[in-house]
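Structure file structure-v8.pdb; described as PDB, C-alpha atoms, pLDDT in the B column.
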ATOM      1  CA  THR A   1       7.372 -38.036  78.226  1.00 69.00           C
ATOM      2  CA  GLY A   2       9.769 -37.953  75.302  1.00 70.00           C
ATOM      3  CA  ALA A   3       8.020 -40.834  73.564  1.00 75.00           C
ATOM      4  CA  SER A   4       4.654 -39.085  73.719  1.00 80.00           C
ATOM      5  CA  VAL A   5       6.095 -35.866  72.322  1.00 80.00           C
ATOM      6  CA  ALA A   6       7.769 -37.779  69.513  1.00 81.00           C
ATOM      7  CA  ALA A   7       4.492 -39.550  68.723  1.00 83.00           C
ATOM      8  CA  ILE A   8       2.611 -36.250  68.647  1.00 86.00           C
ATOM      9  CA  VAL A   9       5.216 -34.624  66.422  1.00 85.00           C
ATOM     10  CA  GLY A  10       5.174 -37.641  64.121  1.00 86.00           C
ATOM     11  CA  SER A  11       1.377 -37.512  63.875  1.00 89.00           C
ATOM     12  CA  VAL A  12       1.467 -33.794  63.085  1.00 90.00           C
ATOM     13  CA  VAL A  13       4.068 -34.354  60.366  1.00 92.00           C
ATOM     14  CA  VAL A  14       2.046 -37.169  58.813  1.00 93.00           C
ATOM     15  CA  LEU A  15      -1.187 -35.160  58.930  1.00 93.00           C
ATOM     16  CA  THR A  16       0.599 -32.150  57.423  1.00 94.00           C
ATOM     17  CA  MET A  17       1.925 -34.303  54.599  1.00 95.00           C
ATOM     18  CA  ILE A  18      -1.542 -35.736  53.964  1.00 96.00           C
ATOM     19  CA  VAL A  19      -3.080 -32.256  53.902  1.00 96.00           C
ATOM     20  CA  PHE A  20      -0.436 -31.020  51.452  1.00 96.00           C
ATOM     21  CA  MET A  21      -0.950 -34.090  49.247  1.00 96.00           C
ATOM     22  CA  ILE A  22      -4.717 -33.582  49.178  1.00 96.00           C
ATOM     23  CA  ALA A  23      -4.291 -29.871  48.488  1.00 96.00           C
ATOM     24  CA  GLY A  24      -1.811 -30.578  45.706  1.00 96.00           C
ATOM     25  CA  LEU A  25      -4.129 -33.143  44.159  1.00 94.00           C
ATOM     26  CA  ALA A  26      -7.059 -30.730  44.328  1.00 96.00           C
ATOM     27  CA  ILE A  27      -5.020 -27.945  42.710  1.00 97.00           C
ATOM     28  CA  SER A  28      -3.930 -30.328  39.964  1.00 95.00           C
ATOM     29  CA  ILE A  29      -7.480 -31.526  39.277  1.00 96.00           C
ATOM     30  CA  PHE A  30      -9.370 -28.259  39.528  1.00 97.00           C
ATOM     31  CA  LEU A  31      -6.768 -25.741  38.326  1.00 96.00           C
ATOM     32  CA  PHE A  32      -3.907 -27.267  36.362  1.00 96.00           C
ATOM     33  CA  ASN A  33      -5.912 -29.823  34.356  1.00 97.00           C
ATOM     34  CA  PRO A  34      -8.332 -27.210  32.922  1.00 97.00           C
ATOM     35  CA  LEU A  35      -5.333 -25.006  32.091  1.00 96.00           C
ATOM     36  CA  ILE A  36      -3.625 -27.937  30.357  1.00 96.00           C
ATOM     37  CA  ALA A  37      -6.751 -28.568  28.270  1.00 96.00           C
ATOM     38  CA  GLY A  38      -6.767 -24.859  27.471  1.00 97.00           C
ATOM     39  CA  GLY A  39      -3.153 -25.060  26.357  1.00 96.00           C
ATOM     40  CA  TYR A  40      -3.943 -27.860  23.932  1.00 96.00           C
ATOM     41  CA  ARG A  41      -6.897 -25.834  22.667  1.00 96.00           C
ATOM     42  CA  PHE A  42      -4.681 -22.768  22.205  1.00 97.00           C
ATOM     43  CA  PHE A  43      -2.062 -24.560  20.091  1.00 96.00           C
ATOM     44  CA  ASN A  44      -4.705 -26.468  18.146  1.00 95.00           C
ATOM     45  CA  ARG A  45      -6.547 -23.286  17.188  1.00 94.00           C
ATOM     46  CA  SER A  46      -3.286 -21.425  16.546  1.00 94.00           C
ATOM     47  CA  LEU A  47      -2.708 -23.609  13.516  1.00 93.00           C
ATOM     48  CA  VAL A  48      -5.748 -22.219  11.719  1.00 92.00           C
ATOM     49  CA  MET A  49      -6.450 -18.774  13.199  1.00 91.00           C
ATOM     50  CA  ASN A  50      -5.093 -15.950  15.306  1.00 93.00           C
ATOM     51  CA  THR A  51      -5.668 -17.143  18.847  1.00 93.00           C
ATOM     52  CA  LYS A  52      -5.709 -15.108  22.033  1.00 94.00           C
ATOM     53  CA  ILE A  53      -3.801 -16.201  25.094  1.00 94.00           C
ATOM     54  CA  ASN A  54      -7.003 -16.304  27.135  1.00 94.00           C
ATOM     55  CA  GLU A  55      -7.843 -19.613  25.395  1.00 96.00           C
ATOM     56  CA  PHE A  56      -5.706 -21.197  28.121  1.00 95.00           C
ATOM     57  CA  ALA A  57      -8.475 -20.368  30.579  1.00 96.00           C
ATOM     58  CA  PHE A  58     -11.435 -21.224  28.341  1.00 96.00           C
ATOM     59  CA  ALA A  59     -12.569 -24.093  30.583  1.00 96.00           C
ATOM     60  CA  PHE A  60     -13.229 -21.735  33.473  1.00 96.00           C
ATOM     61  CA  LYS A  61     -15.863 -20.031  31.361  1.00 94.00           C
ATOM     62  CA  ARG A  62     -17.380 -23.036  29.595  1.00 91.00           C
ATOM     63  CA  SER A  63     -18.224 -26.559  30.781  1.00 95.00           C
ATOM     64  CA  TYR A  64     -15.682 -26.334  33.589  1.00 97.00           C
ATOM     65  CA  LEU A  65     -16.884 -29.349  35.548  1.00 97.00           C
ATOM     66  CA  ASN A  66     -17.092 -31.520  32.443  1.00 97.00           C
ATOM     67  CA  VAL A  67     -13.521 -30.633  31.442  1.00 97.00           C
ATOM     68  CA  VAL A  68     -12.340 -31.317  35.000  1.00 97.00           C
ATOM     69  CA  LYS A  69     -14.120 -34.688  35.017  1.00 97.00           C
ATOM     70  CA  ILE A  70     -12.754 -35.876  31.678  1.00 98.00           C
ATOM     71  CA  MET A  71      -9.179 -34.798  32.392  1.00 97.00           C
ATOM     72  CA  PHE A  72      -9.334 -36.444  35.837  1.00 97.00           C
ATOM     73  CA  LEU A  73     -10.760 -39.691  34.456  1.00 97.00           C
ATOM     74  CA  ARG A  74      -7.991 -39.799  31.863  1.00 97.00           C
ATOM     75  CA  GLN A  75      -5.347 -39.587  34.576  1.00 96.00           C
ATOM     76  CA  LEU A  76      -7.217 -42.103  36.741  1.00 96.00           C
ATOM     77  CA  TYR A  77      -7.544 -44.710  33.983  1.00 94.00           C
ATOM     78  CA  ILE A  78      -3.870 -44.405  33.076  1.00 95.00           C
ATOM     79  CA  PHE A  79      -2.861 -44.649  36.756  1.00 94.00           C
ATOM     80  CA  LEU A  80      -5.014 -47.725  37.393  1.00 94.00           C
ATOM     81  CA  CYS A  81      -3.609 -49.489  34.325  1.00 92.00           C
ATOM     82  CA  SER A  82      -0.090 -48.594  35.464  1.00 91.00           C
ATOM     83  CA  LEU A  83      -0.762 -50.389  38.754  1.00 91.00           C
ATOM     84  CA  LEU A  84      -1.115 -53.652  36.810  1.00 84.00           C
ATOM     85  CA  PHE A  85       2.135 -53.370  34.869  1.00 83.00           C
ATOM     86  CA  ILE A  86       4.119 -50.538  33.330  1.00 86.00           C
ATOM     87  CA  ILE A  87       3.368 -51.583  29.742  1.00 88.00           C
ATOM     88  CA  PRO A  88      -0.469 -51.503  30.060  1.00 89.00           C
ATOM     89  CA  GLY A  89      -0.150 -48.041  31.584  1.00 91.00           C
ATOM     90  CA  ILE A  90       1.948 -46.836  28.657  1.00 93.00           C
ATOM     91  CA  VAL A  91      -0.472 -48.345  26.150  1.00 94.00           C
ATOM     92  CA  LYS A  92      -3.427 -46.697  27.897  1.00 94.00           C
ATOM     93  CA  ALA A  93      -1.582 -43.360  27.970  1.00 96.00           C
ATOM     94  CA  TYR A  94      -1.186 -43.475  24.185  1.00 97.00           C
ATOM     95  CA  GLU A  95      -4.717 -44.761  23.728  1.00 97.00           C
ATOM     96  CA  TYR A  96      -6.048 -41.642  25.486  1.00 97.00           C
ATOM     97  CA  TYR A  97      -3.304 -39.403  24.087  1.00 97.00           C
ATOM     98  CA  LEU A  98      -5.707 -37.145  22.174  1.00 97.00           C
ATOM     99  CA  VAL A  99      -8.332 -36.702  24.895  1.00 98.00           C
ATOM    100  CA  PRO A 100      -7.054 -33.224  25.937  1.00 97.00           C
ATOM    101  CA  TYR A 101      -7.281 -32.044  22.310  1.00 97.00           C
ATOM    102  CA  ILE A 102     -10.757 -33.506  21.928  1.00 97.00           C
ATOM    103  CA  VAL A 103     -12.095 -31.918  25.093  1.00 97.00           C
ATOM    104  CA  GLY A 104     -10.379 -28.666  24.140  1.00 96.00           C
ATOM    105  CA  ASP A 105     -12.199 -28.766  20.821  1.00 94.00           C
ATOM    106  CA  ASP A 106     -15.528 -29.712  22.366  1.00 96.00           C
ATOM    107  CA  PRO A 107     -15.740 -29.092  26.128  1.00 97.00           C
ATOM    108  CA  ASP A 108     -19.357 -30.286  26.124  1.00 97.00           C
ATOM    109  CA  ILE A 109     -18.472 -33.767  24.858  1.00 97.00           C
ATOM    110  CA  SER A 110     -19.261 -36.728  27.095  1.00 97.00           C
ATOM    111  CA  ALA A 111     -16.395 -38.572  28.743  1.00 97.00           C
ATOM    112  CA  SER A 112     -17.259 -41.863  27.055  1.00 97.00           C
ATOM    113  CA  GLU A 113     -17.304 -40.225  23.618  1.00 97.00           C
ATOM    114  CA  ALA A 114     -14.012 -38.415  24.197  1.00 98.00           C
ATOM    115  CA  PHE A 115     -12.272 -41.648  25.222  1.00 98.00           C
ATOM    116  CA  ARG A 116     -13.873 -43.608  22.387  1.00 97.00           C
ATOM    117  CA  MET A 117     -12.783 -41.020  19.834  1.00 97.00           C
ATOM    118  CA  SER A 118      -9.208 -40.902  21.102  1.00 97.00           C
ATOM    119  CA  LYS A 119      -8.998 -44.692  21.136  1.00 96.00           C
ATOM    120  CA  GLU A 120     -10.273 -44.854  17.570  1.00 97.00           C
ATOM    121  CA  LEU A 121      -7.921 -42.164  16.278  1.00 97.00           C
ATOM    122  CA  MET A 122      -4.895 -43.738  17.955  1.00 97.00           C
ATOM    123  CA  ARG A 123      -5.601 -47.222  16.635  1.00 96.00           C
ATOM    124  CA  GLY A 124      -2.566 -48.194  14.578  1.00 95.00           C
ATOM    125  CA  ASN A 125      -0.771 -44.961  15.475  1.00 96.00           C
ATOM    126  CA  LYS A 126       0.482 -45.510  19.040  1.00 96.00           C
ATOM    127  CA  PHE A 127       3.984 -46.620  18.084  1.00 95.00           C
ATOM    128  CA  LYS A 128       4.241 -43.911  15.453  1.00 95.00           C
ATOM    129  CA  VAL A 129       3.395 -41.258  18.032  1.00 96.00           C
ATOM    130  CA  PHE A 130       6.009 -42.814  20.322  1.00 96.00           C
ATOM    131  CA  VAL A 131       8.592 -42.457  17.561  1.00 96.00           C
ATOM    132  CA  LEU A 132       7.463 -38.875  16.984  1.00 96.00           C
ATOM    133  CA  GLU A 133       8.062 -38.092  20.648  1.00 96.00           C
ATOM    134  CA  LEU A 134      11.507 -39.677  20.467  1.00 96.00           C
ATOM    135  CA  SER A 135      12.346 -37.233  17.661  1.00 96.00           C
ATOM    136  CA  PHE A 136      12.060 -34.415  20.205  1.00 96.00           C
ATOM    137  CA  LEU A 137      14.745 -35.918  22.439  1.00 95.00           C
ATOM    138  CA  GLY A 138      17.573 -33.913  20.885  1.00 95.00           C
ATOM    139  CA  TRP A 139      15.653 -30.690  21.415  1.00 95.00           C
ATOM    140  CA  TYR A 140      15.057 -31.568  25.066  1.00 94.00           C
ATOM    141  CA  ILE A 141      18.780 -32.140  25.546  1.00 96.00           C
ATOM    142  CA  LEU A 142      19.579 -28.780  23.960  1.00 94.00           C
ATOM    143  CA  SER A 143      16.954 -27.162  26.174  1.00 94.00           C
ATOM    144  CA  GLY A 144      18.631 -28.619  29.234  1.00 94.00           C
ATOM    145  CA  MET A 145      21.981 -27.239  28.068  1.00 95.00           C
ATOM    146  CA  THR A 146      20.437 -23.754  27.891  1.00 94.00           C
ATOM    147  CA  CYS A 147      18.779 -24.056  31.320  1.00 92.00           C
ATOM    148  CA  GLY A 148      15.347 -24.287  29.694  1.00 91.00           C
ATOM    149  CA  LEU A 149      15.581 -21.041  27.721  1.00 93.00           C
ATOM    150  CA  LEU A 150      15.447 -22.829  24.374  1.00 93.00           C
ATOM    151  CA  SER A 151      12.390 -24.734  25.565  1.00 93.00           C
ATOM    152  CA  VAL A 152      10.532 -21.565  26.534  1.00 91.00           C
ATOM    153  CA  PHE A 153      11.217 -19.680  23.332  1.00 93.00           C
ATOM    154  CA  TYR A 154      11.254 -22.466  20.745  1.00 94.00           C
ATOM    155  CA  VAL A 155      11.107 -26.135  21.741  1.00 95.00           C
ATOM    156  CA  ALA A 156       7.877 -26.169  23.774  1.00 95.00           C
ATOM    157  CA  PRO A 157       5.836 -24.226  21.160  1.00 95.00           C
ATOM    158  CA  TYR A 158       7.344 -26.381  18.398  1.00 96.00           C
ATOM    159  CA  VAL A 159       6.475 -29.632  20.206  1.00 96.00           C
ATOM    160  CA  TYR A 160       2.918 -28.600  21.081  1.00 96.00           C
ATOM    161  CA  LEU A 161       2.209 -27.250  17.612  1.00 95.00           C
ATOM    162  CA  THR A 162       3.524 -30.480  16.075  1.00 96.00           C
ATOM    163  CA  LYS A 163       1.251 -32.552  18.298  1.00 96.00           C
ATOM    164  CA  ALA A 164      -1.677 -30.265  17.514  1.00 96.00           C
ATOM    165  CA  ALA A 165      -1.013 -30.764  13.805  1.00 95.00           C
ATOM    166  CA  LEU A 166      -0.981 -34.521  14.407  1.00 95.00           C
ATOM    167  CA  TYR A 167      -4.383 -34.306  16.080  1.00 96.00           C
ATOM    168  CA  ARG A 168      -5.854 -32.260  13.243  1.00 95.00           C
ATOM    169  CA  ARG A 169      -4.438 -34.668  10.652  1.00 94.00           C
ATOM    170  CA  LEU A 170      -5.835 -37.749  12.348  1.00 94.00           C
ATOM    171  CA  ARG A 171      -9.233 -36.105  12.688  1.00 93.00           C
ATOM    172  CA  GLY A 172      -9.131 -34.682   9.164  1.00 90.00           C
ATOM    173  CA  LEU A 173     -10.126 -31.245  10.472  1.00 84.00           C
ATOM    174  CA  ASP A 174      -8.288 -29.286   7.821  1.00 68.00           C
ATOM    175  CA  ASP A 175      -5.915 -29.619   4.925  1.00 56.00           C
ATOM    176  CA  ILE A 176      -2.765 -27.861   6.048  1.00 47.00           C
ATOM    177  CA  TYR A 177      -0.195 -27.912   3.272  1.00 45.00           C
ATOM    178  CA  SER A 178      -2.807 -29.544   1.061  1.00 46.00           C
ATOM    179  CA  ASN A 179      -2.620 -29.859  -2.695  1.00 39.00           C
ATOM    180  CA  GLN A 180      -4.188 -32.005  -5.347  1.00 33.00           C
ATOM    181  CA  GLY A 181      -1.107 -34.035  -6.177  1.00 34.00           C
ATOM    182  CA  TYR A 182       2.072 -34.666  -4.229  1.00 31.00           C
ATOM    183  CA  ASN A 183       2.172 -34.308  -0.455  1.00 39.00           C
ATOM    184  CA  ASN A 184       5.367 -35.315   1.340  1.00 37.00           C
ATOM    185  CA  GLY A 185       4.134 -34.641   4.830  1.00 41.00           C
ATOM    186  CA  TRP A 186       0.771 -34.257   6.477  1.00 37.00           C
ATOM    187  CA  ASP A 187      -2.340 -35.638   4.923  1.00 40.00           C
ATOM    188  CA  ASN A 188      -5.808 -36.367   6.225  1.00 41.00           C
ATOM    189  CA  GLY A 189      -6.431 -39.009   3.613  1.00 38.00           C
ATOM    190  CA  ASN A 190      -8.605 -37.063   1.197  1.00 39.00           C
ATOM    191  CA  ASN A 191      -6.124 -36.530  -1.625  1.00 36.00           C
ATOM    192  CA  GLY A 192      -5.832 -38.882  -4.516  1.00 32.00           C
ATOM    193  CA  GLY A 193      -2.100 -38.563  -4.945  1.00 31.00           C
ATOM    194  CA  TYR A 194       1.074 -39.521  -3.168  1.00 31.00           C
ATOM    195  CA  ASN A 195       1.599 -39.190   0.584  1.00 38.00           C
ATOM    196  CA  ASN A 196       4.772 -40.239   2.393  1.00 36.00           C
ATOM    197  CA  GLY A 197       3.749 -39.035   5.822  1.00 42.00           C
ATOM    198  CA  TRP A 198       0.676 -38.699   7.994  1.00 45.00           C
ATOM    199  CA  ASP A 199      -2.570 -40.198   6.871  1.00 44.00           C
ATOM    200  CA  ASN A 200      -5.816 -41.433   8.370  1.00 45.00           C
ATOM    201  CA  GLY A 201      -5.927 -44.308   5.946  1.00 40.00           C
ATOM    202  CA  ASN A 202      -8.826 -43.256   3.725  1.00 42.00           C
ATOM    203  CA  ASN A 203      -6.970 -42.068   0.626  1.00 39.00           C
ATOM    204  CA  SER A 204      -7.007 -43.939  -2.629  1.00 33.00           C
ATOM    205  CA  GLY A 205      -3.335 -43.340  -3.366  1.00 34.00           C
ATOM    206  CA  TYR A 206      -0.090 -44.330  -1.745  1.00 32.00           C
ATOM    207  CA  ASN A 207       0.484 -44.027   2.022  1.00 40.00           C
ATOM    208  CA  ASN A 208       3.739 -44.916   3.744  1.00 37.00           C
ATOM    209  CA  GLY A 209       2.950 -43.340   7.099  1.00 45.00           C
ATOM    210  CA  TRP A 210       0.156 -42.829   9.536  1.00 48.00           C
ATOM    211  CA  ASP A 211      -3.038 -44.762   9.495  1.00 48.00           C
ATOM    212  CA  ASN A 212      -6.082 -44.923  11.769  1.00 46.00           C
ATOM    213  CA  GLY A 213      -6.261 -48.680  11.479  1.00 44.00           C
ATOM    214  CA  ASN A 214      -9.131 -48.887   8.996  1.00 42.00           C
TER     215      ASN A 214
END
File written out as structure tokens:
Amino acid sequence: TGASVAAIVGSVVVLTMIVFMIAGLAISIFLFNPLIAGGYRFFNRSLVMNTKINEFAFAFKRSYLNVVKIMFLRQLYIFLCSLLFIIPGIVKAYEYYLVPYIVGDDPDISASEAFRMSKELMRGNKFKVFVLELSFLGWYILSGMTCGLLSVFYVAPYVYLTKAALYRRLRGLDDIYSNQGYNNGWDNGNNGGYNNGWDNGNNSGYNNGWDNGN
């Protein structure tokens, strides 16, 4: 009968949609997430050394399952918090903002340590990172006006390198643009002079910017 055929077709459509959803989720977890971690690793390392493009695929050669697990747990925690209310989800997203950089730096790190480290580094800096991301809004608009060409050749690398520099500053991994006196930009908190920008809060001088909450 027509009703039976319609029911069968409907079941096939639903099953097909479920299969595609599961396949898409699996591809995201096991392929895209490791590549995303590799992208963060690439831009992070590019700030301090000549980096090969194959860094994007580093996770497939080292601690693959651990990288997959940590990146998946990050998405899961943010999703579960978003189910409560939108605001807790946003807060959790910023709390675990640096996890991809951390796991890119150390793919052997435990999940609990990666989340703890990101939470610690982002303490007192969540709103500042939010403001930083708002500063990219104009570039995104220009990218849209150029059908994404500006994003490919300038905006995306600029944004990711800026975020990588933020990560390195908050961790104090290096002293980009460092000097012994005045620093009107990035600082990891080890200078004794003036800093009107990024700081992890450990310097003995003046800081009007970023702080890790200590």
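Nearest to Leu31 (chain A) of all the residues A:Met17, A:Met71, A:Ala7, A:Ile86 is A:Met71, based on all atoms listed in the file.
Our summary of the geometry notes that CA of Ala93 (chain A) is positioned 5.7 Å from CA of Ile78 (chain A).
Selection result for the displayed file, with the PyMOL selection byres ((chain A and resi 41) around 7) as criterion, is A:Ala37, A:Gly38, A:Gly39, A:Tyr40, A:Phe42, A:Phe43, A:Asn44, A:Arg45, A:Glu55, A:Tyr101, A:Gly104, A:Asp105.
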Those selected residues, please, written with C-alpha atoms and delivered as a PDB file, keeping the file's coordinate frame.
ATOM      1  CA  ALA A  37      -6.751 -28.568  28.270  1.00 96.00           C
ATOM      2  CA  GLY A  38      -6.767 -24.859  27.471  1.00 97.00           C
ATOM      3  CA  GLY A  39      -3.153 -25.060  26.357  1.00 96.00           C
ATOM      4  CA  TYR A  40      -3.943 -27.860  23.932  1.00 96.00           C
ATOM      5  CA  PHE A  42      -4.681 -22.768  22.205  1.00 97.00           C
ATOM      6  CA  PHE A  43      -2.062 -24.560  20.091  1.00 96.00           C
ATOM      7  CA  ASN A  44      -4.705 -26.468  18.146  1.00 95.00           C
ATOM      8  CA  ARG A  45      -6.547 -23.286  17.188  1.00 94.00           C
ATOM      9  CA  GLU A  55      -7.843 -19.613  25.395  1.00 96.00           C
ATOM     10  CA  TYR A 101      -7.281 -32.044  22.310  1.00 97.00           C
ATOM     11  CA  GLY A 104     -10.379 -28.666  24.140  1.00 96.00           C
ATOM     12  CA  ASP A 105     -12.199 -28.766  20.821  1.00 94.00           C
TER      13      ASP A 105
END
Contact residues around Ser63 (chain A) with all atoms listed in the file at 10 Å, ignoring same-chain residues under 6 positions, as a list in words: Val103, Asp106, Pro107, Asp108 and Ile109 of chain A
Do you have the CA of Leu73 (chain A)-CA of Ser110 (chain A) distance handy?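 Distance reported for this atom pair: 11.6 Å.
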Using only C-alpha atoms, which residue out of A:Lys128, A:Arg171, A:Leu35, A:Val155 lies closest to Ile141 (chain A)?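 For Ile141 (chain A), the nearest of the candidates is A:Val155.
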For CA of Tyr97 (chain A) and CA of Leu47 (chain A), the interatomic separation in Å (one decimal): 19.0 Å
List, as a PDB file with C-alpha atoms, in the coordinates of the input, every residue that the PyMOL selection byres ((chain A and resi 75) around 12) selects in the file provided.
ATOM      1  CA  LEU A  25      -4.129 -33.143  44.159  1.00 94.00           C
ATOM      2  CA  SER A  28      -3.930 -30.328  39.964  1.00 95.00           C
ATOM      3  CA  ILE A  29      -7.480 -31.526  39.277  1.00 96.00           C
ATOM      4  CA  ASN A  33      -5.912 -29.823  34.356  1.00 97.00           C
ATOM      5  CA  VAL A  68     -12.340 -31.317  35.000  1.00 97.00           C
ATOM      6  CA  LYS A  69     -14.120 -34.688  35.017  1.00 97.00           C
ATOM      7  CA  ILE A  70     -12.754 -35.876  31.678  1.00 98.00           C
ATOM      8  CA  MET A  71      -9.179 -34.798  32.392  1.00 97.00           C
ATOM      9  CA  PHE A  72      -9.334 -36.444  35.837  1.00 97.00           C
ATOM     10  CA  LEU A  73     -10.760 -39.691  34.456  1.00 97.00           C
ATOM     11  CA  ARG A  74      -7.991 -39.799  31.863  1.00 97.00           C
ATOM     12  CA  LEU A  76      -7.217 -42.103  36.741  1.00 96.00           C
ATOM     13  CA  TYR A  77      -7.544 -44.710  33.983  1.00 94.00           C
ATOM     14  CA  ILE A  78      -3.870 -44.405  33.076  1.00 95.00           C
ATOM     15  CA  PHE A  79      -2.861 -44.649  36.756  1.00 94.00           C
ATOM     16  CA  LEU A  80      -5.014 -47.725  37.393  1.00 94.00           C
ATOM     17  CA  CYS A  81      -3.609 -49.489  34.325  1.00 92.00           C
ATOM     18  CA  SER A  82      -0.090 -48.594  35.464  1.00 91.00           C
ATOM     19  CA  GLY A  89      -0.150 -48.041  31.584  1.00 91.00           C
ATOM     20  CA  ILE A  90       1.948 -46.836  28.657  1.00 93.00           C
ATOM     21  CA  LYS A  92      -3.427 -46.697  27.897  1.00 94.00           C
ATOM     22  CA  ALA A  93      -1.582 -43.360  27.970  1.00 96.00           C
ATOM     23  CA  TYR A  94      -1.186 -43.475  24.185  1.00 97.00           C
ATOM     24  CA  TYR A  96      -6.048 -41.642  25.486  1.00 97.00           C
ATOM     25  CA  TYR A  97      -3.304 -39.403  24.087  1.00 97.00           C
ATOM     26  CA  VAL A  99      -8.332 -36.702  24.895  1.00 98.00           C
ATOM     27  CA  PRO A 100      -7.054 -33.224  25.937  1.00 97.00           C
ATOM     28  CA  PHE A 115     -12.272 -41.648  25.222  1.00 98.00           C
TER      29      PHE A 115
END
Do you know which residues the PyMOL selection byres ((chain A and resi 118) around 9) returns on this file, as JSON, numbers by chain? {"A": [94, 95, 96, 97, 98, 99, 102, 113, 114, 115, 116, 117, 119, 120, 121, 122, 123]}
With a distance cut-off of 9 Å and only C-alpha atoms, select the neighbouring residues of Val129 (chain A), excluding the residue or stretch itself and same-chain residues fewer than 4 positions from it, and output the selection as a PyMOL selection string. chain A and resi 94+122+125+133-134+163+166
Same residues, C-alpha atoms, saved as a PDB file, keeping the file's coordinate frame:
ATOM      1  CA  TYR A  94      -1.186 -43.475  24.185  1.00 97.00           C
ATOM      2  CA  MET A 122      -4.895 -43.738  17.955  1.00 97.00           C
ATOM      3  CA  ASN A 125      -0.771 -44.961  15.475  1.00 96.00           C
ATOM      4  CA  GLU A 133       8.062 -38.092  20.648  1.00 96.00           C
ATOM      5  CA  LEU A 134      11.507 -39.677  20.467  1.00 96.00           C
ATOM      6  CA  LYS A 163       1.251 -32.552  18.298  1.00 96.00           C
ATOM      7  CA  LEU A 166      -0.981 -34.521  14.407  1.00 95.00           C
TER       8      LEU A 166
END
The residue from A:Ile27, A:Ser46, A:Ile18, A:Gly2 with the smallest atom-to-atom distance to Ala165 (chain A), counting only C-alpha atoms, is A:Ser46
Generate N, CA and C atoms for region 17-29 of chain A and emit them as a PDB file, keeping the file's coordinate frame.
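Just written: rebuild-v3.pdb:
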ATOM      1  N   MET A  17       1.610 -33.745  55.916  1.00 95.00           N
ATOM      2  CA  MET A  17       1.925 -34.303  54.599  1.00 95.00           C
ATOM      3  C   MET A  17       0.659 -34.711  53.863  1.00 95.00           C
ATOM      4  N   ILE A  18      -0.277 -35.317  54.587  1.00 96.00           N
ATOM      5  CA  ILE A  18      -1.542 -35.736  53.964  1.00 96.00           C
ATOM      6  C   ILE A  18      -2.318 -34.532  53.456  1.00 96.00           C
ATOM      7  N   VAL A  19      -2.370 -33.472  54.292  1.00 96.00           N
ATOM      8  CA  VAL A  19      -3.080 -32.256  53.902  1.00 96.00           C
ATOM      9  C   VAL A  19      -2.461 -31.651  52.655  1.00 96.00           C
ATOM     10  N   PHE A  20      -1.118 -31.586  52.618  1.00 96.00           N
ATOM     11  CA  PHE A  20      -0.436 -31.020  51.452  1.00 96.00           C
ATOM     12  C   PHE A  20      -0.676 -31.879  50.211  1.00 96.00           C
ATOM     13  N   MET A  21      -0.691 -33.198  50.378  1.00 96.00           N
ATOM     14  CA  MET A  21      -0.950 -34.090  49.247  1.00 96.00           C
ATOM     15  C   MET A  21      -2.359 -33.886  48.704  1.00 96.00           C
ATOM     16  N   ILE A  22      -3.330 -33.793  49.603  1.00 96.00           N
ATOM     17  CA  ILE A  22      -4.717 -33.582  49.178  1.00 96.00           C
ATOM     18  C   ILE A  22      -4.868 -32.229  48.495  1.00 96.00           C
ATOM     19  N   ALA A  23      -4.225 -31.209  49.079  1.00 96.00           N
ATOM     20  CA  ALA A  23      -4.291 -29.871  48.488  1.00 96.00           C
ATOM     21  C   ALA A  23      -3.639 -29.850  47.111  1.00 96.00           C
ATOM     22  N   GLY A  24      -2.495 -30.518  47.000  1.00 96.00           N
ATOM     23  CA  GLY A  24      -1.811 -30.578  45.706  1.00 96.00           C
ATOM     24  C   GLY A  24      -2.641 -31.300  44.660  1.00 96.00           C
ATOM     25  N   LEU A  25      -3.278 -32.392  45.079  1.00 94.00           N
ATOM     26  CA  LEU A  25      -4.129 -33.143  44.159  1.00 94.00           C
ATOM     27  C   LEU A  25      -5.319 -32.299  43.713  1.00 94.00           C
ATOM     28  N   ALA A  26      -5.908 -31.579  44.653  1.00 96.00           N
ATOM     29  CA  ALA A  26      -7.059 -30.730  44.328  1.00 96.00           C
ATOM     30  C   ALA A  26      -6.665 -29.620  43.366  1.00 96.00           C
ATOM     31  N   ILE A  27      -5.501 -29.012  43.601  1.00 97.00           N
ATOM     32  CA  ILE A  27      -5.020 -27.945  42.710  1.00 97.00           C
ATOM     33  C   ILE A  27      -4.775 -28.495  41.319  1.00 97.00           C
ATOM     34  N   SER A  28      -4.191 -29.702  41.266  1.00 95.00           N
ATOM     35  CA  SER A  28      -3.930 -30.328  39.964  1.00 95.00           C
ATOM     36  C   SER A  28      -5.218 -30.603  39.205  1.00 95.00           C
ATOM     37  N   ILE A  29      -6.221 -31.134  39.924  1.00 96.00           N
ATOM     38  CA  ILE A  29      -7.480 -31.526  39.277  1.00 96.00           C
ATOM     39  C   ILE A  29      -8.304 -30.322  38.861  1.00 96.00           C
TER      40      ILE A  29
END
